[in-house]
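This report concerns only the one structure given below.
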Amino acid sequence: MKKIKVFIAVSLDGYIAYPDGGIDWLAGLNAPSLKEFKDKVFYNSIDTILMGHGTYQEITSFDVDWPYKDKTTYVLSRRKNNLPPKANVSYLTENVLEYIRQIKRQDGKDIWLLGGGQTIRLLLNHDLVDELHLCYIPVMFGDGIPLFPSKMKISKWELRGSKTFESGILKVDYVLSA
């Protein structure tokens, strides 16, 4: 069975994006060893990406080619119309949780839950997330989209490891307790 893994950057004060959804606070982040881990180790451990519609819109707003062409991507969306077609991208608009459970039962590599906060909360609240890989960036911006929005279900996690980087980033790895 595939595992769903959250791998995400978070500010010290718990935000993953500015209030408008912007993530430019991550631009110019000087953390080559973390980037190498994400690009070579983590990225190679997955074959599927899940993300919310807001995260999808933020990524597609950059003037770059779709960065996940080699992965199957599912975008969770409340919208059912006017969703732009893109290679290897499918939209989940109905029976989302059951569809995600089906994806987890498929053979293959694991699943990256890329964001955002509401999507992470939805899957955490339905016991679908198996691992958390949180990269705390040494910055605070006081307001924004929280990693864990309110109304989270109580869950317990076991620390599996942590690593500090010269840039001041702290990566903390947790697995869901049985």
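Each chain in the structure tokens gets a letter, A, B and so on, in the order shown; residues start at 1 in every chain, and ligands are counted from 1 in the order they appear.
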
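If you count only C-alpha atoms and ignore residues fewer than 5 places along the chain from range 43-59 of chain A, what sits within 8 Å of it is Gly21, Gly22, Lys38, Asp70, Lys71, Thr72, Thr73, Tyr74, Val75, Leu76, Ser77, Gly108, Lys109, Asp110, Ile111, Trp112, Leu113, Leu114, Gly115, Gly116, Gln118 and Thr119 of chain A.
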
Would you put the residues from that selection into a file with N, CA and C atoms, as a tab-separated table (two decimals), in the first residue's frame?
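Saved as again-v2.tsv:
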chain	number	residue	atom	x	y	z
A	21	GLY	N	-1.81	33.56	-0.54
A	21	GLY	CA	-1.39	32.28	-1.10
A	21	GLY	C	0.02	32.29	-1.66
A	22	GLY	N	0.64	33.45	-1.69
A	22	GLY	CA	1.98	33.56	-2.26
A	22	GLY	C	3.03	32.80	-1.47
A	38	LYS	N	15.41	16.66	-1.18
A	38	LYS	CA	14.06	16.69	-1.76
A	38	LYS	C	14.09	16.18	-3.20
A	70	ASP	N	6.75	14.09	-14.80
A	70	ASP	CA	7.04	12.67	-14.67
A	70	ASP	C	6.24	11.99	-13.56
A	71	LYS	N	5.32	12.71	-12.94
A	71	LYS	CA	4.50	12.16	-11.86
A	71	LYS	C	3.02	12.30	-12.24
A	72	THR	N	2.20	11.41	-11.71
A	72	THR	CA	0.75	11.56	-11.85
A	72	THR	C	0.29	12.52	-10.78
A	73	THR	N	-0.43	13.56	-11.18
A	73	THR	CA	-0.86	14.59	-10.24
A	73	THR	C	-2.38	14.64	-10.19
A	74	TYR	N	-2.89	14.72	-8.96
A	74	TYR	CA	-4.32	14.88	-8.73
A	74	TYR	C	-4.53	16.19	-8.00
A	75	VAL	N	-5.43	17.01	-8.53
A	75	VAL	CA	-5.76	18.29	-7.92
A	75	VAL	C	-7.16	18.17	-7.32
A	76	LEU	N	-7.27	18.40	-6.01
A	76	LEU	CA	-8.56	18.38	-5.35
A	76	LEU	C	-9.21	19.74	-5.56
A	77	SER	N	-10.44	19.73	-6.05
A	77	SER	CA	-11.09	20.99	-6.37
A	77	SER	C	-12.59	20.91	-6.11
A	108	GLY	N	2.93	0.66	-6.54
A	108	GLY	CA	3.79	1.75	-6.98
A	108	GLY	C	4.47	2.42	-5.81
A	109	LYS	N	5.02	3.58	-6.12
A	109	LYS	CA	5.72	4.36	-5.11
A	109	LYS	C	4.71	5.16	-4.28
A	110	ASP	N	5.21	5.93	-3.34
A	110	ASP	CA	4.36	6.68	-2.42
A	110	ASP	C	3.77	7.94	-3.05
A	111	ILE	N	3.01	8.67	-2.24
A	111	ILE	CA	2.25	9.84	-2.69
A	111	ILE	C	2.72	11.05	-1.91
A	112	TRP	N	2.99	12.13	-2.60
A	112	TRP	CA	3.37	13.41	-1.99
A	112	TRP	C	2.14	14.28	-1.87
A	113	LEU	N	1.75	14.59	-0.65
A	113	LEU	CA	0.69	15.56	-0.40
A	113	LEU	C	1.38	16.92	-0.34
A	114	LEU	N	1.34	17.64	-1.45
A	114	LEU	CA	2.11	18.86	-1.63
A	114	LEU	C	1.51	20.06	-0.90
A	115	GLY	N	0.24	20.14	-0.75
A	115	GLY	CA	-0.39	21.27	-0.07
A	115	GLY	C	-1.76	21.51	-0.66
A	116	GLY	N	-2.43	22.47	-0.16
A	116	GLY	CA	-2.19	23.39	0.90
A	116	GLY	C	-2.82	22.95	2.22
A	118	GLN	N	-5.73	23.40	3.75
A	118	GLN	CA	-7.06	22.77	3.83
A	118	GLN	C	-7.02	21.33	3.34
A	119	THR	N	-6.24	21.08	2.31
A	119	THR	CA	-6.11	19.72	1.79
A	119	THR	C	-5.40	18.83	2.80

Pick out each residue of range 58-104 of chain A that DSSP on the backbone tags as alpha helix (DSSP H); I need them as an MDAnalysis selection string.
-> chainID A and resid 58:61 96:104

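With distances restricted to only C-alpha atoms, A:Phe141 is the closest residue to Pro19 in chain A from A:Phe141, A:Phe62, A:Tyr91, A:Tyr136.
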
Which is closer to Met152 in chain A than all the others in A:Lys35, A:Arg121, A:Lys40, A:Arg78, using only C-alpha atoms?
-> A:Arg121

Mind listing the strand (DSSP E) residues of range 2-133 of chain A, per DSSP on the backbone, as a ChimeraX atom specification?
-> /A:4-11,15-17,46-52,72-76,89-92,110-115,131-133

Find the residue from A:Glu166, A:Asp143, A:Asp127, A:Glu98 that sits nearest to Asp20 in chain A; use only C-alpha atoms when measuring.
-> A:Asp143

Please report, as a tab-separated table, each residue of range 107-136 of chain A lying at most 9 Å from range 153-157 of chain A, together with the nearest pair of atoms and the separation in Å rounded to one decimal; use only C-alpha atoms, and order rows by chain and ascending residue number.
residue	atom	partner	partner_atom	distance
A:Arg121	CA	A:Lys153	CA	8.3
A:Leu124	CA	A:Lys153	CA	7.3
A:Asn125	CA	A:Lys153	CA	5.1
A:His126	CA	A:Lys153	CA	8.4
A:Asp127	CA	A:Ser155	CA	8.6
A:Glu131	CA	A:Trp157	CA	8.6
A:Leu132	CA	A:Trp157	CA	8.7

Return the single residue from A:Ile4, A:Val96, A:Val10, A:Ile16 that is closest to Ile145 in chain A, with distances computed using only C-alpha atoms.
-> A:Ile16

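Of the listed residues (A:Asp39, A:Ile8, A:Arg105, A:Lys3), A:Ile8 comes nearest to Leu26 in chain A; the distances count only C-alpha atoms.
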
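Note that the spacing between CA of Tyr68 in chain A and CA of Asp24 in chain A amounts to 19.0 Å.
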
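Near Val139 in chain A, within 9 Å and counting only C-alpha atoms, sit Val10, Ser11, Leu12, Asp13 and Trp25 of chain A; same-chain residues fewer than 4 positions away were not included.
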
Measure the distance from CA of Val175 in chain A to CA of Asp130 in chain A in Å and round it to one decimal.
-> 5.9 Å

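Using only C-alpha atoms, the protein and nucleic acid residues lying no more than 8 Å from Cys135 in chain A, apart from those fewer than 4 places from it along its own chain, are A:Phe7, A:Ile8, A:Ala9, A:Val10, A:Ile169, A:Leu170, A:Lys171, A:Val172.
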
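The space separating CA of Ala178 in chain A from CA of Met1 in chain A comes to 15.9 Å.
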
May I ask which of the residues A:Pro149, A:Ser162, A:Asn88, A:Tyr99 is the closest one to Ile120 in chain A, counting only C-alpha atoms?
-> A:Pro149
